[in-house]
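Enquirer: My structure file protein36.pdb, PDB, C-alpha atoms, is below:
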```
ATOM      1  CA  MET A   1     -26.471 -16.401 -20.083
ATOM      2  CA  ASN A   2     -24.286 -13.380 -19.403
ATOM      3  CA  VAL A   3     -24.848 -13.799 -15.661
ATOM      4  CA  MET A   4     -23.756 -17.443 -15.796
ATOM      5  CA  SER A   5     -20.740 -16.475 -17.879
ATOM      6  CA  ASN A   6     -19.709 -13.822 -15.335
ATOM      7  CA  ILE A   7     -20.069 -16.280 -12.447
ATOM      8  CA  SER A   8     -17.954 -18.843 -14.277
ATOM      9  CA  ASP A   9     -15.289 -16.273 -15.123
ATOM     10  CA  SER A  10     -15.134 -15.082 -11.506
ATOM     11  CA  SER A  11     -14.789 -18.650 -10.227
ATOM     12  CA  GLU A  12     -11.918 -19.268 -12.636
ATOM     13  CA  ARG A  13     -10.179 -16.082 -11.498
ATOM     14  CA  TYR A  14     -10.417 -17.140  -7.848
ATOM     15  CA  ALA A  15      -8.950 -20.509  -8.841
ATOM     16  CA  ARG A  16      -6.081 -18.908 -10.733
ATOM     17  CA  CYS A  17      -5.256 -16.789  -7.689
ATOM     18  CA  ILE A  18      -4.974 -19.974  -5.626
ATOM     19  CA  GLN A  19      -2.678 -21.563  -8.196
ATOM     20  CA  THR A  20      -0.444 -18.503  -8.307
ATOM     21  CA  SER A  21      -0.436 -18.211  -4.523
ATOM     22  CA  LYS A  22       0.907 -21.752  -4.291
ATOM     23  CA  ARG A  23       3.511 -21.126  -6.979
ATOM     24  CA  VAL A  24       4.974 -17.839  -5.656
ATOM     25  CA  ARG A  25       4.707 -18.496  -1.919
ATOM     26  CA  TRP A  26       7.803 -17.297  -0.066
ATOM     27  CA  ASP A  27       9.369 -17.318   3.383
ATOM     28  CA  ILE A  28      10.551 -14.146   5.130
ATOM     29  CA  ASP A  29      13.885 -15.436   6.392
ATOM     30  CA  LYS A  30      14.757 -17.950   3.676
ATOM     31  CA  ASP A  31      13.723 -15.927   0.624
ATOM     32  CA  VAL A  32      13.648 -12.232   1.550
ATOM     33  CA  ILE A  33      16.095 -11.460   4.364
ATOM     34  CA  ARG A  34      18.578 -14.311   3.759
ATOM     35  CA  GLY A  35      20.824 -13.287   6.659
ATOM     36  CA  ARG A  36      21.391  -9.784   5.295
ATOM     37  CA  ASN A  37      21.243  -6.395   7.010
ATOM     38  CA  PHE A  38      20.451  -2.931   5.736
ATOM     39  CA  ASP A  39      23.458  -0.831   4.748
ATOM     40  CA  THR A  40      23.239   2.968   5.005
ATOM     41  CA  ALA A  41      25.613   3.270   2.055
ATOM     42  CA  HIS A  42      22.545   2.517  -0.093
ATOM     43  CA  LYS A  43      19.192   4.121  -0.778
ATOM     44  CA  PHE A  44      16.215   2.203   0.557
ATOM     45  CA  LEU A  45      13.586   3.659  -1.782
ATOM     46  CA  PRO A  46      14.157   4.494  -5.458
ATOM     47  CA  ASP A  47      14.140   8.143  -6.502
ATOM     48  CA  GLY A  48      10.811   7.681  -8.285
ATOM     49  CA  LEU A  49       9.160   6.893  -4.944
ATOM     50  CA  SER A  50      11.178   9.062  -2.566
ATOM     51  CA  LEU A  51      10.821  11.980  -5.035
ATOM     52  CA  ALA A  52      14.436  12.862  -4.322
ATOM     53  CA  ASP A  53      14.335  15.783  -6.758
ATOM     54  CA  ALA A  54      11.733  17.511  -4.561
ATOM     55  CA  PHE A  55      14.342  17.882  -1.791
ATOM     56  CA  THR A  56      16.059  20.715  -3.630
ATOM     57  CA  THR A  57      18.295  21.946  -0.782
ATOM     58  CA  LEU A  58      19.823  18.584   0.071
ATOM     59  CA  SER A  59      23.080  16.980  -1.011
ATOM     60  CA  ALA A  60      23.185  13.544  -2.634
ATOM     61  CA  ASP A  61      24.145  11.967   0.701
ATOM     62  CA  GLU A  62      21.274  13.741   2.449
ATOM     63  CA  LYS A  63      18.814  12.583  -0.209
ATOM     64  CA  ARG A  64      20.025   9.041   0.395
ATOM     65  CA  TYR A  65      19.329   9.532   4.095
ATOM     66  CA  VAL A  66      15.834  10.802   3.246
ATOM     67  CA  SER A  67      15.210   7.594   1.277
ATOM     68  CA  GLN A  68      16.240   5.575   4.313
ATOM     69  CA  ILE A  69      13.849   7.459   6.603
ATOM     70  CA  GLN A  70      11.106   6.964   4.034
ATOM     71  CA  GLY A  71      11.989   3.275   3.848
ATOM     72  CA  ARG A  72      11.291   2.893   7.546
ATOM     73  CA  THR A  73       8.027   4.788   7.190
ATOM     74  CA  TYR A  74       7.165   2.572   4.206
ATOM     75  CA  ALA A  75       7.397  -0.472   6.458
ATOM     76  CA  ASN A  76       5.231   1.179   9.088
ATOM     77  CA  ILE A  77       2.570   2.388   6.655
ATOM     78  CA  PHE A  78       2.177  -1.091   5.190
ATOM     79  CA  GLY A  79       2.066  -2.644   8.627
ATOM     80  CA  LEU A  80      -0.737  -0.192   9.355
ATOM     81  CA  VAL A  81      -2.894  -0.695   6.258
ATOM     82  CA  GLU A  82      -2.508  -4.457   6.159
ATOM     83  CA  ARG A  83      -4.058  -4.631   9.627
ATOM     84  CA  PHE A  84      -7.437  -3.419   8.374
ATOM     85  CA  ILE A  85      -7.119  -5.124   4.996
ATOM     86  CA  ASN A  86      -6.730  -8.492   6.668
ATOM     87  CA  ALA A  87      -9.692  -7.882   8.957
ATOM     88  CA  LYS A  88     -11.889  -6.955   5.987
ATOM     89  CA  VAL A  89     -10.779 -10.025   4.016
ATOM     90  CA  LEU A  90     -11.707 -12.288   6.917
ATOM     91  CA  GLU A  91     -15.086 -10.564   7.169
ATOM     92  CA  LEU A  92     -15.725 -11.022   3.437
ATOM     93  CA  SER A  93     -14.795 -14.686   3.618
ATOM     94  CA  GLU A  94     -17.957 -15.309   5.653
ATOM     95  CA  ASP A  95     -20.006 -14.706   2.500
ATOM     96  CA  HIS A  96     -18.404 -17.832   1.016
ATOM     97  CA  TRP A  97     -18.461 -20.144   4.059
ATOM     98  CA  PHE A  98     -21.369 -22.201   2.753
ATOM     99  CA  GLY A  99     -20.996 -21.313  -0.904
ATOM    100  CA  ASP A 100     -18.059 -21.087  -3.291
ATOM    101  CA  GLN A 101     -15.273 -22.976  -1.532
ATOM    102  CA  VAL A 102     -12.750 -21.935  -4.174
ATOM    103  CA  ALA A 103     -13.410 -18.279  -3.394
ATOM    104  CA  LEU A 104     -13.180 -19.093   0.306
ATOM    105  CA  GLU A 105      -9.776 -20.725  -0.095
ATOM    106  CA  ALA A 106      -8.522 -17.789  -2.138
ATOM    107  CA  LEU A 107      -9.517 -15.341   0.602
ATOM    108  CA  VAL A 108      -8.098 -17.509   3.379
ATOM    109  CA  ARG A 109      -4.785 -17.590   1.512
ATOM    110  CA  PHE A 110      -5.037 -13.812   1.068
ATOM    111  CA  SER A 111      -5.447 -13.419   4.840
ATOM    112  CA  ASP A 112      -2.538 -15.728   5.616
ATOM    113  CA  GLU A 113      -0.284 -13.786   3.255
ATOM    114  CA  GLU A 114      -1.315 -10.442   4.751
ATOM    115  CA  LEU A 115      -0.349 -11.689   8.204
ATOM    116  CA  LYS A 116       3.038 -12.679   6.796
ATOM    117  CA  HIS A 117       3.444  -9.253   5.199
ATOM    118  CA  GLN A 118       2.757  -7.568   8.531
ATOM    119  CA  ALA A 119       5.487  -9.717  10.100
ATOM    120  CA  LEU A 120       7.869  -8.812   7.263
ATOM    121  CA  PHE A 121       7.319  -5.098   7.700
ATOM    122  CA  ARG A 122       7.687  -5.286  11.475
ATOM    123  CA  MET A 123      11.045  -6.939  10.831
ATOM    124  CA  VAL A 124      12.032  -4.295   8.264
ATOM    125  CA  ASP A 125      11.129  -1.511  10.709
ATOM    126  CA  ALA A 126      13.289  -3.071  13.420
ATOM    127  CA  MET A 127      16.203  -3.738  11.054
ATOM    128  CA  VAL A 128      16.182  -0.191   9.683
ATOM    129  CA  GLY A 129      15.942   1.100  13.251
ATOM    130  CA  ASP A 130      19.167  -0.753  14.011
ATOM    131  CA  VAL A 131      21.143   1.257  11.443
ATOM    132  CA  LEU A 132      19.538   4.718  11.646
ATOM    133  CA  PRO A 133      19.901   7.248  14.491
ATOM    134  CA  GLY A 134      17.514   7.132  17.424
ATOM    135  CA  GLY A 135      14.521   9.430  17.653
ATOM    136  CA  TYR A 136      12.375   8.140  14.776
ATOM    137  CA  ARG A 137       8.649   8.082  15.599
ATOM    138  CA  PHE A 138       5.563   6.523  14.050
ATOM    139  CA  ASP A 139       2.875   7.417  16.552
ATOM    140  CA  VAL A 140      -0.130   5.762  14.961
ATOM    141  CA  ASP A 141      -2.348   3.265  16.763
ATOM    142  CA  HIS A 142      -2.784   0.441  14.246
ATOM    143  CA  ASN A 143      -5.874  -0.964  15.919
ATOM    144  CA  ALA A 144      -7.575   2.423  16.296
ATOM    145  CA  VAL A 145      -7.018   3.145  12.606
ATOM    146  CA  ALA A 146      -8.283  -0.305  11.615
ATOM    147  CA  CYS A 147     -11.446   0.165  13.698
ATOM    148  CA  ALA A 148     -12.070   3.591  12.156
ATOM    149  CA  VAL A 149     -11.588   2.290   8.618
ATOM    150  CA  LEU A 150     -13.765  -0.763   9.188
ATOM    151  CA  GLY A 151     -16.499   1.534  10.475
ATOM    152  CA  LYS A 152     -16.982   2.689   6.891
ATOM    153  CA  SER A 153     -18.937   0.779   4.255
ATOM    154  CA  THR A 154     -17.468  -2.331   2.688
ATOM    155  CA  TRP A 155     -17.619  -0.637  -0.728
ATOM    156  CA  ALA A 156     -15.452   2.244   0.486
ATOM    157  CA  VAL A 157     -12.959  -0.041   2.233
ATOM    158  CA  LEU A 158     -12.598  -2.238  -0.863
ATOM    159  CA  ALA A 159     -12.070   0.829  -3.051
ATOM    160  CA  LEU A 160      -9.244   1.972  -0.781
ATOM    161  CA  THR A 161      -7.839  -1.552  -0.585
ATOM    162  CA  LEU A 162      -7.687  -2.006  -4.355
ATOM    163  CA  ASP A 163      -5.970   1.370  -4.627
ATOM    164  CA  ILE A 164      -3.351   0.167  -2.126
ATOM    165  CA  GLU A 165      -2.825  -3.252  -3.710
ATOM    166  CA  LEU A 166      -2.382  -1.709  -7.157
ATOM    167  CA  PHE A 167       0.179   0.871  -6.133
ATOM    168  CA  THR A 168       2.421  -1.884  -4.767
ATOM    169  CA  GLN A 169       2.819  -2.979  -8.378
ATOM    170  CA  LEU A 170       4.038   0.474  -9.418
ATOM    171  CA  HIS A 171       6.368   0.540  -6.405
ATOM    172  CA  TYR A 172       7.886  -2.757  -7.506
ATOM    173  CA  ARG A 173       8.407  -1.476 -11.055
ATOM    174  CA  GLN A 174      10.165   1.600  -9.664
ATOM    175  CA  SER A 175      12.463  -0.591  -7.572
ATOM    176  CA  ILE A 176      13.732  -2.736 -10.428
ATOM    177  CA  ASP A 177      15.280   0.158 -12.336
ATOM    178  CA  ALA A 178      19.027  -0.307 -12.712
ATOM    179  CA  ASP A 179      20.341   1.798  -9.830
ATOM    180  CA  PRO A 180      23.533   0.507  -8.167
ATOM    181  CA  GLN A 181      22.865   2.770  -5.166
ATOM    182  CA  LEU A 182      19.575   1.060  -4.302
ATOM    183  CA  SER A 183      19.623  -1.504  -1.492
ATOM    184  CA  GLU A 184      19.425  -5.054  -2.845
ATOM    185  CA  LEU A 185      17.655  -6.125   0.340
ATOM    186  CA  PHE A 186      14.980  -3.456  -0.061
ATOM    187  CA  LYS A 187      14.627  -4.431  -3.734
ATOM    188  CA  ASP A 188      13.790  -7.927  -2.554
ATOM    189  CA  VAL A 189      11.233  -6.564  -0.096
ATOM    190  CA  PHE A 190       9.502  -4.877  -3.040
ATOM    191  CA  LEU A 191       9.830  -7.992  -5.197
ATOM    192  CA  PHE A 192       8.396 -10.538  -2.803
ATOM    193  CA  HIS A 193       5.672  -8.209  -1.533
ATOM    194  CA  TRP A 194       4.607  -7.585  -5.143
ATOM    195  CA  LYS A 195       4.459 -11.308  -5.961
ATOM    196  CA  GLU A 196       1.576 -11.857  -3.567
ATOM    197  CA  GLU A 197      -0.037  -8.421  -3.700
ATOM    198  CA  SER A 198      -0.598  -8.864  -7.448
ATOM    199  CA  GLN A 199      -3.012 -11.682  -6.637
ATOM    200  CA  HIS A 200      -4.585  -9.710  -3.814
ATOM    201  CA  ALA A 201      -5.475  -6.933  -6.232
ATOM    202  CA  ILE A 202      -7.395  -9.421  -8.367
ATOM    203  CA  LEU A 203      -9.295 -10.674  -5.321
ATOM    204  CA  ASP A 204     -10.021  -7.107  -4.180
ATOM    205  CA  GLU A 205     -11.568  -6.380  -7.559
ATOM    206  CA  LEU A 206     -13.638  -9.563  -7.579
ATOM    207  CA  GLU A 207     -14.988  -8.890  -4.093
ATOM    208  CA  TRP A 208     -15.599  -5.191  -4.796
ATOM    209  CA  VAL A 209     -17.602  -5.931  -7.948
ATOM    210  CA  ARG A 210     -19.499  -8.735  -6.189
ATOM    211  CA  HIS A 211     -20.383  -6.474  -3.271
ATOM    212  CA  ASP A 212     -21.305  -3.561  -5.522
ATOM    213  CA  ALA A 213     -23.882  -5.693  -7.354
ATOM    214  CA  GLY A 214     -26.003  -5.828  -4.219
ATOM    215  CA  LEU A 215     -26.115  -2.081  -3.544
ATOM    216  CA  THR A 216     -28.795   0.454  -4.364
ATOM    217  CA  ALA A 217     -27.854   3.677  -6.142
ATOM    218  CA  GLU A 218     -28.287   5.565  -2.865
ATOM    219  CA  GLN A 219     -26.025   3.165  -0.945
ATOM    220  CA  ARG A 220     -23.354   3.429  -3.619
ATOM    221  CA  ASP A 221     -23.484   7.221  -3.617
ATOM    222  CA  SER A 222     -23.058   7.246   0.155
ATOM    223  CA  ALA A 223     -20.145   4.809  -0.184
ATOM    224  CA  VAL A 224     -18.408   7.149  -2.632
ATOM    225  CA  GLY A 225     -18.534   9.817   0.038
ATOM    226  CA  GLU A 226     -17.070   7.405   2.576
ATOM    227  CA  PHE A 227     -14.252   6.504   0.184
ATOM    228  CA  ILE A 228     -13.407  10.196  -0.088
ATOM    229  CA  GLU A 229     -13.437  10.399   3.713
ATOM    230  CA  LEU A 230     -11.043   7.445   3.936
ATOM    231  CA  VAL A 231      -8.610   9.044   1.490
ATOM    232  CA  ALA A 232      -8.734  12.240   3.564
ATOM    233  CA  ALA A 233      -8.051  10.208   6.707
ATOM    234  CA  VAL A 234      -5.038   8.569   5.047
ATOM    235  CA  ASP A 235      -3.804  12.029   4.106
ATOM    236  CA  GLY A 236      -4.124  13.139   7.719
ATOM    237  CA  ILE A 237      -1.812  10.298   8.751
ATOM    238  CA  LEU A 238       0.627  11.241   5.986
ATOM    239  CA  GLN A 239       0.654  14.887   7.038
ATOM    240  CA  ALA A 240       1.505  13.945  10.610
ATOM    241  CA  GLN A 241       4.227  11.520   9.510
ATOM    242  CA  ALA A 242       5.747  14.020   7.071
ATOM    243  CA  LYS A 243       6.035  16.469   9.944
ATOM    244  CA  ALA A 244       7.573  13.801  12.192
ATOM    245  CA  ASP A 245      10.004  12.583   9.529
ATOM    246  CA  GLY A 246      10.970  16.108   8.522
ATOM    247  CA  GLY A 247      11.749  16.914  12.150
ATOM    248  CA  TYR A 248      13.678  13.668  12.550
ATOM    249  CA  PHE A 249      15.788  14.488   9.504
ATOM    250  CA  THR A 250      16.606  18.020  10.641
ATOM    251  CA  THR A 251      17.703  16.862  14.105
ATOM    252  CA  THR A 252      19.813  13.925  12.889
ATOM    253  CA  CYS A 253      21.286  15.022   9.530
ATOM    254  CA  GLY A 254      24.467  16.390  11.115
ATOM    255  CA  ARG A 255      24.139  20.076  10.231
ATOM    256  CA  ALA A 256      22.091  23.108  11.153
ATOM    257  CA  VAL A 257      18.800  23.391   9.268
ATOM    258  CA  HIS A 258      17.078  26.751   9.429
ATOM    259  CA  GLU A 259      13.313  27.167   9.699
ATOM    260  CA  VAL A 260      12.604  27.944   6.041
ATOM    261  CA  GLU A 261      14.560  24.928   4.825
ATOM    262  CA  ALA A 262      12.996  22.727   7.505
ATOM    263  CA  ARG A 263       9.495  23.620   6.280
ATOM    264  CA  ALA A 264      10.556  22.894   2.681
ATOM    265  CA  ILE A 265      11.911  19.487   3.715
ATOM    266  CA  GLU A 266       8.658  18.671   5.536
ATOM    267  CA  ALA A 267       6.677  19.711   2.441
ATOM    268  CA  ALA A 268       8.846  17.467   0.262
ATOM    269  CA  PHE A 269       8.231  14.513   2.598
ATOM    270  CA  LEU A 270       4.481  15.117   2.335
ATOM    271  CA  LYS A 271       4.650  15.368  -1.455
ATOM    272  CA  ALA A 272       6.493  12.045  -1.594
ATOM    273  CA  TYR A 273       4.080  10.347   0.799
ATOM    274  CA  ARG A 274       1.029  11.580  -1.061
ATOM    275  CA  TRP A 275       2.515  10.173  -4.254
ATOM    276  CA  GLN A 276       3.443   6.849  -2.674
ATOM    277  CA  TYR A 277       0.213   6.165  -0.778
ATOM    278  CA  ILE A 278      -2.544   8.067  -2.613
ATOM    279  CA  HIS A 279      -1.851   9.299  -6.127
ATOM    280  CA  SER A 280       0.219   6.368  -7.423
ATOM    281  CA  GLY A 281      -2.804   4.125  -6.822
ATOM    282  CA  ALA A 282      -5.524   6.589  -7.778
ATOM    283  CA  GLN A 283      -3.775   7.224 -11.107
ATOM    284  CA  HIS A 284      -3.283   3.527 -11.837
ATOM    285  CA  PRO A 285      -5.121   2.814 -15.121
ATOM    286  CA  HIS A 286      -6.748  -0.360 -13.836
ATOM    287  CA  PHE A 287      -8.043   1.346 -10.700
ATOM    288  CA  GLY A 288      -9.626   4.003 -12.896
ATOM    289  CA  LYS A 289     -11.151   1.356 -15.144
ATOM    290  CA  VAL A 290     -12.739  -0.610 -12.296
ATOM    291  CA  LEU A 291     -13.890   2.496 -10.443
ATOM    292  CA  SER A 292     -15.475   4.088 -13.496
ATOM    293  CA  SER A 293     -17.372   0.875 -14.235
ATOM    294  CA  LEU A 294     -19.094   1.137 -10.849
ATOM    295  CA  ILE A 295     -19.870   4.824 -10.463
ATOM    296  CA  THR A 296     -21.515   7.688 -12.331
ATOM    297  CA  GLU A 297     -19.641  10.501 -14.033
ATOM    298  CA  LYS A 298     -20.762  12.905 -11.313
ATOM    299  CA  GLN A 299     -19.448  10.599  -8.587
ATOM    300  CA  GLY A 300     -16.156  10.323 -10.430
ATOM    301  CA  GLN A 301     -15.898  14.101 -10.498
ATOM    302  CA  ARG A 302     -16.417  14.218  -6.729
ATOM    303  CA  ILE A 303     -13.521  11.820  -6.243
ATOM    304  CA  GLN A 304     -11.247  13.696  -8.649
ATOM    305  CA  LEU A 305     -11.995  16.999  -6.965
ATOM    306  CA  ALA A 306     -11.070  15.512  -3.606
ATOM    307  CA  LEU A 307      -7.782  14.152  -4.981
ATOM    308  CA  VAL A 308      -6.881  17.488  -6.577
ATOM    309  CA  THR A 309      -6.906  19.131  -3.151
ATOM    310  CA  LEU A 310      -4.180  16.712  -1.986
ATOM    311  CA  GLN A 311      -1.308  18.178  -3.972
TER
END
```
Take the structure in the file and give it back as structure tokens.
Expert:
Amino acid sequence: MNVMSNISDSSERYARCIQTSKRVRWDIDKDVIRGRNFDTAHKFLPDGLSLADAFTTLSADEKRYVSQIQGRTYANIFGLVERFINAKVLELSEDHWFGDQVALEALVRFSDEELKHQALFRMVDAMVGDVLPGGYRFDVDHNAVACAVLGKSTWAVLALTLDIELFTQLHYRQSIDADPQLSELFKDVFLFHWKEESQHAILDELEWVRHDAGLTAEQRDSAVGEFIELVAAVDGILQAQAKADGGYFTTTCGRAVHEVEARAIEAAFLKAYRWQYIHSGAQHPHFGKVLSSLITEKQGQRIQLALVTLQ
């Protein structure tokens, strides 16, 4: 009886995701961009995401510039992760081809929206590039990263994906704080991205729990290790980008930056990026709830220990 109840509840949740997807669907040009451009008089990321206070040697104008650099990296990071997320969603949809057609439609819509999000963030990257100095670099091969991630177990990839989808909700909440210095265009990027990612998080959870039910204890324990490896791999990308963005800032900020300050700026970029792309999701209450329902206490301790090292 409980099994039938769970199946029915899952089917209803897939259906609700479809209904919401239809209701909130948006267009990049008509709804998000609306003929606007980015203005460097405004911050692109809110202080709660850019961790402006961590850049202790910078002026208010320089902190605003940091938020703009981070805004461009934000677009590139999401363009990167949504490449492998979409591929995994399409792979998972095969499980429903000759089964639950409601679940299949929900995942197909998920995939379509992820493709749109990639297009949005490519546009944001180009638009920010038009107003910031030359020399910015994001030297990450999207396809190589996607292949590496997809080489891990489905359980591990879905754990990372739910983490990512959930932290977009926190990012949106940060962006709606009343701050007249925050770019209205970037606020809308957060808003419209959040509208669809909220449904994606529900689908991630449904698919993660469904997949987990078919694993042995040994397979799940191995998958926990792979999830930790994926988080470490994400951190490696963030370390490289923090170094690149710190160097970009010091060469384009319009003043001399000595070595000690340059290293502090790079460290502050890394702190912000670890918060944005790792800890803000890992600390999300719902992520903790779902994760703890699937793993043992000892496995949870392994994950927490790994996260503690990324400070």
Enquirer: I'd like to know which of A:Tyr277, A:Tyr74, A:Phe249, A:Tyr65 is closest to Val189 of chain A, using all atoms listed in the file.
Expert: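 Of A:Tyr277, A:Tyr74, A:Phe249, A:Tyr65, the one nearest Val189 of chain A is A:Tyr74, counting all atoms listed in the file.
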Enquirer: One number please: atom CA of Phe78 of chain A to atom CA of Leu51 of chain A, in Å, one decimal.
Expert: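 Between atom CA of Phe78 of chain A and atom CA of Leu51 of chain A the gap is 18.7 Å.
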Enquirer: Do you know which residues are at most 8 Å from segment 12-27 of chain A counting only C-alpha atoms, after dropping those on the same chain fewer than 4 positions away, and could you put them as a list in words?
Expert: Ser8, Asp31, Val32, Val102, Ala103, Glu105, Ala106, Arg109, Phe192, Lys195, Glu196, Gln199, Ile202 and Leu203 of chain A
Enquirer: Write out as number ranges by chain the residues lying within 12 Å of segment 84-96 of chain A, counting all atoms listed in the file and excluding same-chain residues fewer than 4 positions away.
Expert: A: 11, 14, 77-80, 100-118, 141-165, 197, 200-201, 203-204, 206-208, 210-211
Enquirer: For segment 166-182 of chain A, please output as a compact mmCIF listing (two decimals) with C-alpha atoms, keeping the file's coordinate frame all residues within 8 Å (counting only C-alpha atoms; exclusion window: fewer than 5 positions along the same chain).
Expert:
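Contents of out_29.txt, as written:
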```txt
# COMPACT_ATOMS: atom_id res chain seq x y z
CA ALA A 41 25.61 3.27 2.06
CA HIS A 42 22.54 2.52 -0.09
CA LYS A 43 19.19 4.12 -0.78
CA PHE A 44 16.22 2.20 0.56
CA LEU A 45 13.59 3.66 -1.78
CA PRO A 46 14.16 4.49 -5.46
CA GLY A 48 10.81 7.68 -8.28
CA LEU A 49 9.16 6.89 -4.94
CA LYS A 187 14.63 -4.43 -3.73
CA PHE A 190 9.50 -4.88 -3.04
CA LEU A 191 9.83 -7.99 -5.20
CA HIS A 193 5.67 -8.21 -1.53
CA TRP A 194 4.61 -7.58 -5.14
CA GLU A 197 -0.04 -8.42 -3.70
CA SER A 198 -0.60 -8.86 -7.45
CA ALA A 201 -5.48 -6.93 -6.23
CA GLN A 276 3.44 6.85 -2.67
CA TYR A 277 0.21 6.16 -0.78
CA SER A 280 0.22 6.37 -7.42
CA GLY A 281 -2.80 4.12 -6.82
CA HIS A 284 -3.28 3.53 -11.84
CA PHE A 287 -8.04 1.35 -10.70
```
Enquirer: Go through A:Trp275, A:Gln304, A:Ser292, A:Tyr136 and flag the residue nearest Lys243 of chain A, using all atoms listed in the file for the distances.
Expert: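 Once distances to Lys243 of chain A are computed over all atoms listed in the file, the minimum belongs to A:Tyr136.
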Enquirer: Report as an mmCIF file with C-alpha atoms, keeping the file's coordinate frame the residues that result from applying the PyMOL selection byres ((chain A and resi 250) around 12) to the structure here.
Expert:
```cif
data_model
loop_
_atom_site.group_PDB
_atom_site.id
_atom_site.type_symbol
_atom_site.label_atom_id
_atom_site.label_comp_id
_atom_site.auth_asym_id
_atom_site.auth_seq_id
_atom_site.Cartn_x
_atom_site.Cartn_y
_atom_site.Cartn_z
ATOM 1 C CA LEU A 58 19.823 18.584 0.071
ATOM 2 C CA GLU A 62 21.274 13.741 2.449
ATOM 3 C CA TYR A 65 19.329 9.532 4.095
ATOM 4 C CA VAL A 66 15.834 10.802 3.246
ATOM 5 C CA ILE A 69 13.849 7.459 6.603
ATOM 6 C CA PRO A 133 19.901 7.248 14.491
ATOM 7 C CA GLY A 135 14.521 9.430 17.653
ATOM 8 C CA TYR A 136 12.375 8.140 14.776
ATOM 9 C CA LYS A 243 6.035 16.469 9.944
ATOM 10 C CA ALA A 244 7.573 13.801 12.192
ATOM 11 C CA ASP A 245 10.004 12.583 9.529
ATOM 12 C CA GLY A 246 10.970 16.108 8.522
ATOM 13 C CA GLY A 247 11.749 16.914 12.150
ATOM 14 C CA TYR A 248 13.678 13.668 12.550
ATOM 15 C CA PHE A 249 15.788 14.488 9.504
ATOM 16 C CA THR A 251 17.703 16.862 14.105
ATOM 17 C CA THR A 252 19.813 13.925 12.889
ATOM 18 C CA CYS A 253 21.286 15.022 9.530
ATOM 19 C CA GLY A 254 24.467 16.390 11.115
ATOM 20 C CA ARG A 255 24.139 20.076 10.231
ATOM 21 C CA ALA A 256 22.091 23.108 11.153
ATOM 22 C CA VAL A 257 18.800 23.391 9.268
ATOM 23 C CA HIS A 258 17.078 26.751 9.429
ATOM 24 C CA GLU A 259 13.313 27.167 9.699
ATOM 25 C CA VAL A 260 12.604 27.944 6.041
ATOM 26 C CA GLU A 261 14.560 24.928 4.825
ATOM 27 C CA ALA A 262 12.996 22.727 7.505
ATOM 28 C CA ARG A 263 9.495 23.620 6.280
ATOM 29 C CA ALA A 264 10.556 22.894 2.681
ATOM 30 C CA ILE A 265 11.911 19.487 3.715
ATOM 31 C CA GLU A 266 8.658 18.671 5.536
#
```
Enquirer: Figure out the distance between atom CA of Gln299 of chain A and atom CA of Gly214 of chain A, please, to one decimal in Å.
Expert: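 A separation of 18.2 Å between them.
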